[in-house]
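Novice: My questions all concern the structure below.
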Amino acid sequence: MSISRRDNEKVALLGRLRLTEDELAIMTTELAQIVGYVDQLSEVDTDGIEPMAHAIEVANVFRADEVSPSLSREEALSNAPHRDERGYLVPAVLGE
């Protein structure tokens with residue numbers, strides 16, 4: 001697949017880019033090279049290769065979510081300067 005100057009003008013328009021004539025010529029050459037490199041991938045024999053989402057093995061780094069003993073409400077609120085039996089007391093921000 002080749003990239004024409006007209007294709008680059010459309011890409012520049014979609015990307016809201018204002019390219020000068022020189023920039024457009026350079027972009028046409030560079031994008032044609034990039035597409036050429038991608039075309040080379042079609043030559044690689046991928047029969048028997050499983051598709052993957054990542055090039056390296058990705059494992060979950062988080063531990064399992066398990067219920068464990070925790071502080072009681074009284075212990076958790078014990079150091080709060082202003083509290084009631086349900087939770088922390090803070091000044092009203094949006095009114096009363």
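Scheme for the structure tokens: letters A, B, ... for chains in order shown; per-chain residue numbers from 1; ligand numbers from 1 in order shown.
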Got a sec: who's within 8 Å of region 1-10 of chain A, counting only C-alpha atoms, leaving out chain neighbours fewer than 5 positions off, as a PyMOL selection string?
Specialist: chain A and resi 24-25+27-28+31-32+35-36+39
Novice: For the atom pair CA of Arg73 (chain A) and CA of Arg86 (chain A), what is the interatomic distance in Å to one decimal place?
Specialist: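 Computing it gives 8.0 Å between the two atoms.
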